Amino acid sequence: MAKTLKLALSALAFAQAHKPRADVEQAFDQFLKDFDKSYDDVEKQARFAAFAENYEYIQRENAKKLSYKLGLNEFSDMTLDEFKMGMLGMNMPESVWGNVASGGVHKVSNASLPKSVDWRGKAVTPVKNQQQCGSCWAFSTTGALEGAWALATGKLVSLSEQQLVDCSKKFGNQGCSGGLMDNGFKYEEQAPVCTEDSYPYTAKNGICKASGCTVGIPAHGVTSYVDVKADDEQALMDAVAKQPVSVAIEADQMAFQMYKSGVLTKTCGTKLDHGVLVVGYGTEDGTDYWLVKNSWGATWGEQGFVKLERGKAGPGECGIKSQASYPVVSGSGPSPSPPSPPSPRRPRRLLRPRPPLPARATTRSRPARATRPRLRWRVLAAASARPSATPAPAPATCRQAPPRTPCASCRTAAAATSTAHLHASWAAAPAVPSASTSPAFWAFASTPTPSLLL
């Protein structure tokens, strides 16, 4: 009896110890509402178990009063292993910079650096979300290009990550399975960069469709990219003071997954597995930090941003100084071709009518014909005008002939008609003066030939 009672009490104590706390259940229910999530009964149990573990971790860390705060976000129902598989996507090469040649190493200027830099609002687009696709490298690439282009042209344009996911595979990237920012820069050097609106993100691999997009940066607008010397804080600060810079970090720690605000000083390792964008630096409550734009949506961190401790020796917090680079842009697209000059107008030719041909002897009579179309010949009569025969109308063949090129029959008819007019006048006159003294003859012979201007 006593033994049975003891076993029952032990079972009850075990059940009470493993019964979900009311505050955890309440937090989980609120989490489902805030992030609009729903599961079937089986998945809900697994998600709740992962959520409960993350919730307990957040409570323990925040109780330590550290320089940063952790909090719930859309990843709070994921285990750490699941989070690593879906949200990270850096494929590190064997060498530091891979097999892609860069435009050189950043040269540190001698100018004094500002105490703080924040490119948000001027050269940084709103935070995006890569979702369950290992394309962080693409978001880091476009973020650096957006900043460089905005500073060079004054135009802040959101560029397409999906273009890099789909189209840059031959440069060494693997879409949702990972890639490198430098490989992305190399691809953008030789291709027009599409806008986000015309080539939207789908969070999955697809077929390249860049040919039909709206161009945000024209072909060859990206001229090269520059690497920043590894583990050199002064060099990275100098580069960030000029424009946003792509960097790689290690982000597979629970503190990074649940980050909410403040300066993250948790040692998170140097095994680079995530591409992000440094958009500034500064100091908060006496702790120096790097301001980093992430690609996990605005519900994560400080509206999508994280502050990583600045000043650590070596690779720095989360390895942020290990692999930094940024693109170089020309600042303007290719100049449009000048308009073609107008074709020289063909000069109009000054055409003059041919003089009438002499009449040919013929055995058959021909009706009198009018002068050539559009040409009027005048015979200036003498003081005593002599009557002349009325010319017959021109035949249909002459009226239908093109006005600019009289037909041969028309020319012959015109010559015959002119001669007939003279002969008729001389025959009707009572006294025919000689050709050498006839005013009509000389007036006809000396009349200038009319001309046509086409």
# chains A, B, ... in the order shown; residues from 1 in each chain; ligands from 1
>>> residues_around(residues="Leu156 in chain A", least_positions_apart="5", cutoff="12 Å", atoms="only C-alpha atoms", output="PyMOL selection string")
chain A and resi 119-126+142-151+195-196+216-217
>>> write_last_selection(atoms="N, CA, C and O atoms", output="short mmCIF file (atom, residue, chain, number, x, y, z; two decimals), in the first residue's frame")
data_model
loop_
_atom_site.label_atom_id
_atom_site.label_comp_id
_atom_site.auth_asym_id
_atom_site.auth_seq_id
_atom_site.Cartn_x
_atom_site.Cartn_y
_atom_site.Cartn_z
N TRP A 119 23.73 54.95 -43.03
CA TRP A 119 23.29 55.17 -44.40
C TRP A 119 21.79 54.97 -44.58
O TRP A 119 21.27 55.13 -45.69
N ARG A 120 21.06 54.61 -43.53
CA ARG A 120 19.62 54.42 -43.65
C ARG A 120 18.95 55.74 -44.01
O ARG A 120 19.31 56.80 -43.51
N GLY A 121 17.97 55.64 -44.89
CA GLY A 121 17.27 56.84 -45.33
C GLY A 121 17.90 57.51 -46.52
O GLY A 121 17.30 58.40 -47.13
N LYS A 122 19.11 57.11 -46.88
CA LYS A 122 19.80 57.74 -48.01
C LYS A 122 20.28 56.71 -49.03
O LYS A 122 20.16 56.92 -50.24
N ALA A 123 20.83 55.60 -48.55
CA ALA A 123 21.39 54.62 -49.47
C ALA A 123 21.00 53.19 -49.09
O ALA A 123 21.69 52.25 -49.47
N VAL A 124 19.91 53.04 -48.34
CA VAL A 124 19.48 51.71 -47.88
C VAL A 124 17.98 51.57 -48.14
O VAL A 124 17.19 52.41 -47.71
N THR A 125 17.60 50.50 -48.83
CA THR A 125 16.18 50.22 -49.08
C THR A 125 15.56 49.54 -47.85
O THR A 125 16.27 49.09 -46.95
N PRO A 126 14.23 49.45 -47.78
CA PRO A 126 13.59 48.77 -46.65
C PRO A 126 14.06 47.32 -46.51
O PRO A 126 14.47 46.69 -47.48
N THR A 142 22.64 42.75 -53.52
CA THR A 142 21.78 43.84 -53.99
C THR A 142 21.81 45.03 -53.03
O THR A 142 21.75 46.18 -53.48
N GLY A 143 21.93 44.77 -51.73
CA GLY A 143 22.00 45.87 -50.79
C GLY A 143 23.20 46.76 -51.02
O GLY A 143 23.10 48.00 -50.98
N ALA A 144 24.35 46.14 -51.30
CA ALA A 144 25.55 46.93 -51.58
C ALA A 144 25.42 47.69 -52.90
O ALA A 144 25.85 48.85 -53.01
N LEU A 145 24.81 47.05 -53.91
CA LEU A 145 24.62 47.71 -55.19
C LEU A 145 23.62 48.86 -55.08
O LEU A 145 23.82 49.93 -55.68
N GLU A 146 22.55 48.66 -54.32
CA GLU A 146 21.57 49.72 -54.13
C GLU A 146 22.21 50.95 -53.49
O GLU A 146 21.97 52.09 -53.91
N GLY A 147 23.06 50.72 -52.49
CA GLY A 147 23.72 51.83 -51.83
C GLY A 147 24.71 52.54 -52.72
O GLY A 147 24.74 53.78 -52.79
N ALA A 148 25.52 51.77 -53.45
CA ALA A 148 26.52 52.38 -54.33
C ALA A 148 25.85 53.19 -55.44
O ALA A 148 26.27 54.31 -55.77
N TRP A 149 24.79 52.65 -56.01
CA TRP A 149 24.10 53.35 -57.10
C TRP A 149 23.39 54.61 -56.59
O TRP A 149 23.37 55.64 -57.27
N ALA A 150 22.81 54.54 -55.40
CA ALA A 150 22.14 55.70 -54.83
C ALA A 150 23.12 56.83 -54.56
O ALA A 150 22.83 58.01 -54.83
N LEU A 151 24.29 56.49 -54.04
CA LEU A 151 25.28 57.53 -53.75
C LEU A 151 25.90 58.10 -55.02
O LEU A 151 26.31 59.25 -55.05
N THR A 195 15.12 45.61 -61.67
CA THR A 195 14.48 46.16 -60.48
C THR A 195 13.70 45.06 -59.75
O THR A 195 13.31 44.05 -60.34
N GLU A 196 13.46 45.30 -58.47
CA GLU A 196 12.71 44.34 -57.66
C GLU A 196 11.28 44.17 -58.18
O GLU A 196 10.75 43.06 -58.23
N GLY A 216 17.32 48.50 -63.61
CA GLY A 216 17.60 49.44 -62.54
C GLY A 216 19.00 50.03 -62.65
O GLY A 216 19.22 51.21 -62.38
N ILE A 217 19.96 49.18 -63.05
CA ILE A 217 21.33 49.62 -63.33
C ILE A 217 21.68 49.06 -64.71
O ILE A 217 21.59 47.85 -64.93
#
>>> residues_around(residues="Gly275 in chain A", least_positions_apart="3", cutoff="7 Å", atoms="only C-alpha atoms", output="list in words")
Met90, Cys136, Trp137, Ser140, Val247, Ala248 and Ile249 of chain A
>>> write_last_selection(atoms="all heavy atoms", output="PDB file, in the first residue's frame")
ATOM      1  N   MET A  90      25.585  30.876 -46.902  1.00  0.00           N
ATOM      2  CA  MET A  90      26.919  31.223 -47.398  1.00  0.00           C
ATOM      3  C   MET A  90      27.683  29.956 -47.740  1.00  0.00           C
ATOM      4  O   MET A  90      27.797  29.052 -46.901  1.00  0.00           O
ATOM      5  CB  MET A  90      27.692  32.018 -46.342  1.00  0.00           C
ATOM      6  CG  MET A  90      27.331  33.493 -46.294  1.00  0.00           C
ATOM      7  SD  MET A  90      27.932  34.404 -47.725  1.00  0.00           S
ATOM      8  CE  MET A  90      29.684  34.192 -47.540  1.00  0.00           C
ATOM      9  N   CYS A 136      20.796  34.486 -48.743  1.00  0.00           N
ATOM     10  CA  CYS A 136      21.277  35.668 -48.015  1.00  0.00           C
ATOM     11  C   CYS A 136      22.335  36.416 -48.807  1.00  0.00           C
ATOM     12  O   CYS A 136      22.399  37.650 -48.788  1.00  0.00           O
ATOM     13  CB  CYS A 136      21.826  35.247 -46.661  1.00  0.00           C
ATOM     14  SG  CYS A 136      23.175  34.036 -46.752  1.00  0.00           S
ATOM     15  N   TRP A 137      23.181  35.671 -49.526  1.00  0.00           N
ATOM     16  CA  TRP A 137      24.249  36.281 -50.331  1.00  0.00           C
ATOM     17  C   TRP A 137      23.681  37.226 -51.401  1.00  0.00           C
ATOM     18  O   TRP A 137      24.274  38.265 -51.704  1.00  0.00           O
ATOM     19  CB  TRP A 137      25.072  35.180 -50.995  1.00  0.00           C
ATOM     20  CG  TRP A 137      24.247  34.283 -51.874  1.00  0.00           C
ATOM     21  CD1 TRP A 137      23.568  33.160 -51.506  1.00  0.00           C
ATOM     22  CD2 TRP A 137      23.983  34.472 -53.270  1.00  0.00           C
ATOM     23  NE1 TRP A 137      22.899  32.622 -52.582  1.00  0.00           N
ATOM     24  CE2 TRP A 137      23.137  33.405 -53.675  1.00  0.00           C
ATOM     25  CE3 TRP A 137      24.389  35.408 -54.206  1.00  0.00           C
ATOM     26  CZ2 TRP A 137      22.688  33.265 -54.987  1.00  0.00           C
ATOM     27  CZ3 TRP A 137      23.937  35.287 -55.511  1.00  0.00           C
ATOM     28  CH2 TRP A 137      23.100  34.219 -55.897  1.00  0.00           C
ATOM     29  N   SER A 140      22.578  40.486 -49.692  1.00  0.00           N
ATOM     30  CA  SER A 140      23.752  41.299 -49.365  1.00  0.00           C
ATOM     31  C   SER A 140      24.310  41.961 -50.617  1.00  0.00           C
ATOM     32  O   SER A 140      24.709  43.133 -50.596  1.00  0.00           O
ATOM     33  CB  SER A 140      24.822  40.422 -48.704  1.00  0.00           C
ATOM     34  OG  SER A 140      25.987  41.166 -48.428  1.00  0.00           O
ATOM     35  N   VAL A 247      29.290  41.937 -46.024  1.00  0.00           N
ATOM     36  CA  VAL A 247      30.157  41.173 -45.129  1.00  0.00           C
ATOM     37  C   VAL A 247      29.534  39.797 -44.900  1.00  0.00           C
ATOM     38  O   VAL A 247      28.341  39.584 -45.132  1.00  0.00           O
ATOM     39  CB  VAL A 247      30.368  41.878 -43.766  1.00  0.00           C
ATOM     40  CG1 VAL A 247      31.087  43.202 -43.934  1.00  0.00           C
ATOM     41  CG2 VAL A 247      29.035  42.060 -43.042  1.00  0.00           C
ATOM     42  N   ALA A 248      30.365  38.880 -44.433  1.00  0.00           N
ATOM     43  CA  ALA A 248      29.907  37.545 -44.043  1.00  0.00           C
ATOM     44  C   ALA A 248      30.115  37.387 -42.541  1.00  0.00           C
ATOM     45  O   ALA A 248      31.112  37.869 -41.986  1.00  0.00           O
ATOM     46  CB  ALA A 248      30.685  36.475 -44.804  1.00  0.00           C
ATOM     47  N   ILE A 249      29.173  36.722 -41.877  1.00  0.00           N
ATOM     48  CA  ILE A 249      29.254  36.516 -40.436  1.00  0.00           C
ATOM     49  C   ILE A 249      28.827  35.083 -40.105  1.00  0.00           C
ATOM     50  O   ILE A 249      28.310  34.359 -40.967  1.00  0.00           O
ATOM     51  CB  ILE A 249      28.359  37.498 -39.660  1.00  0.00           C
ATOM     52  CG1 ILE A 249      26.889  37.299 -40.071  1.00  0.00           C
ATOM     53  CG2 ILE A 249      28.793  38.939 -39.881  1.00  0.00           C
ATOM     54  CD1 ILE A 249      25.897  38.110 -39.261  1.00  0.00           C
TER      55      ILE A 249
END
>>> atom_distance(atom1="CA of Val157 in chain A", atom2="CA of Leu308 in chain A")
26.7 Å
>>> closest_residue(among="A:Glu317, A:Glu188, A:Glu233, A:Asp23", to="Phe256 in chain A", atoms="only C-alpha atoms")
A:Glu317
>>> select_by_dssp(residues="range 24-266 of chain A", states="helix (DSSP H, G or I)", output="number ranges by chain")
A: 24-34, 41-62, 80-87, 136-153, 161-167, 169-171, 175-177, 181-189, 210-212, 233-240, 254-257
>>> residues_around(residues="Phe139 in chain A", least_positions_apart="2", cutoff="10 Å", atoms="only C-alpha atoms", output="list in words")
Val127, Lys128, Asn129, Gln130, Ser135, Cys136, Trp137, Thr141, Thr142, Gly143, Ala144, Leu145, Leu159, Ser160, Glu161, Gln162, Leu164, Val165, Met181, Gly184, Ser246, Gly275, Val276, Leu277, Lys293, Asn294 and Ser295 of chain A
>>> write_last_selection(atoms="C-alpha atoms", output="PDB file, in the first residue's frame")
ATOM      1  CA  VAL A 127      14.427  45.450 -45.008  1.00  0.00           C
ATOM      2  CA  LYS A 128      13.530  42.383 -47.090  1.00  0.00           C
ATOM      3  CA  ASN A 129      12.866  38.750 -46.181  1.00  0.00           C
ATOM      4  CA  GLN A 130      14.689  35.840 -47.825  1.00  0.00           C
ATOM      5  CA  SER A 135      19.823  33.322 -50.650  1.00  0.00           C
ATOM      6  CA  CYS A 136      21.277  35.668 -48.015  1.00  0.00           C
ATOM      7  CA  TRP A 137      24.249  36.281 -50.331  1.00  0.00           C
ATOM      8  CA  THR A 141      24.811  41.779 -53.012  1.00  0.00           C
ATOM      9  CA  THR A 142      21.781  43.837 -53.988  1.00  0.00           C
ATOM     10  CA  GLY A 143      21.997  45.871 -50.788  1.00  0.00           C
ATOM     11  CA  ALA A 144      25.551  46.928 -51.577  1.00  0.00           C
ATOM     12  CA  LEU A 145      24.618  47.711 -55.187  1.00  0.00           C
ATOM     13  CA  LEU A 159      17.068  45.694 -57.086  1.00  0.00           C
ATOM     14  CA  SER A 160      16.129  42.084 -57.778  1.00  0.00           C
ATOM     15  CA  GLU A 161      17.519  39.249 -55.665  1.00  0.00           C
ATOM     16  CA  GLN A 162      15.632  36.702 -57.757  1.00  0.00           C
ATOM     17  CA  LEU A 164      20.846  36.632 -58.921  1.00  0.00           C
ATOM     18  CA  VAL A 165      19.214  33.424 -57.680  1.00  0.00           C
ATOM     19  CA  MET A 181      28.544  38.203 -52.786  1.00  0.00           C
ATOM     20  CA  GLY A 184      27.119  38.188 -57.501  1.00  0.00           C
ATOM     21  CA  SER A 246      28.789  43.427 -47.876  1.00  0.00           C
ATOM     22  CA  GLY A 275      25.750  37.256 -45.838  1.00  0.00           C
ATOM     23  CA  VAL A 276      24.605  40.646 -44.514  1.00  0.00           C
ATOM     24  CA  LEU A 277      25.221  44.360 -45.151  1.00  0.00           C
ATOM     25  CA  LYS A 293      21.073  45.144 -42.215  1.00  0.00           C
ATOM     26  CA  ASN A 294      19.776  41.569 -42.203  1.00  0.00           C
ATOM     27  CA  SER A 295      17.417  39.807 -44.646  1.00  0.00           C
TER      28      SER A 295
END
>>> closest_residue(among="A:Lys266, A:His220, A:Lys44, A:Lys271", to="Ala191 in chain A", atoms="only C-alpha atoms")
A:His220
>>> closest_residue(among="A:Ala50, A:Ala152, A:Leu80, A:Ile207", to="Ser168 in chain A", atoms="only C-alpha atoms")
A:Ile207
>>> residues_around(residues="Met87 in chain A", least_positions_apart="3", cutoff="7 Å", atoms="only C-alpha atoms", output="PyMOL selection string")
chain A and resi 83-84+132-134
>>> write_last_selection(atoms="C-alpha atoms", output="PDB file, in the first residue's frame")
ATOM      1  CA  PHE A  83      16.856  27.505 -38.437  1.00  0.00           C
ATOM      2  CA  LYS A  84      20.359  26.864 -39.753  1.00  0.00           C
ATOM      3  CA  GLN A 132      13.067  29.622 -46.399  1.00  0.00           C
ATOM      4  CA  CYS A 133      15.743  30.003 -49.071  1.00  0.00           C
ATOM      5  CA  GLY A 134      19.512  30.146 -48.596  1.00  0.00           C
TER       6      GLY A 134
END
>>> atom_distance(atom1="CA of Asp166 in chain A", atom2="CA of Ala210 in chain A")
8.9 Å
>>> atom_distance(atom1="CA of Gln59 in chain A", atom2="CA of Arg21 in chain A")
13.3 Å
>>> residues_around(residues="Pro315 in chain A", least_positions_apart="6", cutoff="7 Å", atoms="only C-alpha atoms", output="list in words")
Asp231, Lys321 and Ser322 of chain A
>>> residues_around(residues="Lys186 in chain A", least_positions_apart="3", cutoff="12 Å", atoms="only C-alpha atoms", output="PyMOL selection string")
chain A and resi 98-103+141+145+164+167-173+180-183+189-193+220-226+325-328
>>> closest_residue(among="A:Asp273, A:Gln163, A:Leu236, A:Cys208", to="Asp252 in chain A", atoms="only C-alpha atoms")
A:Asp273
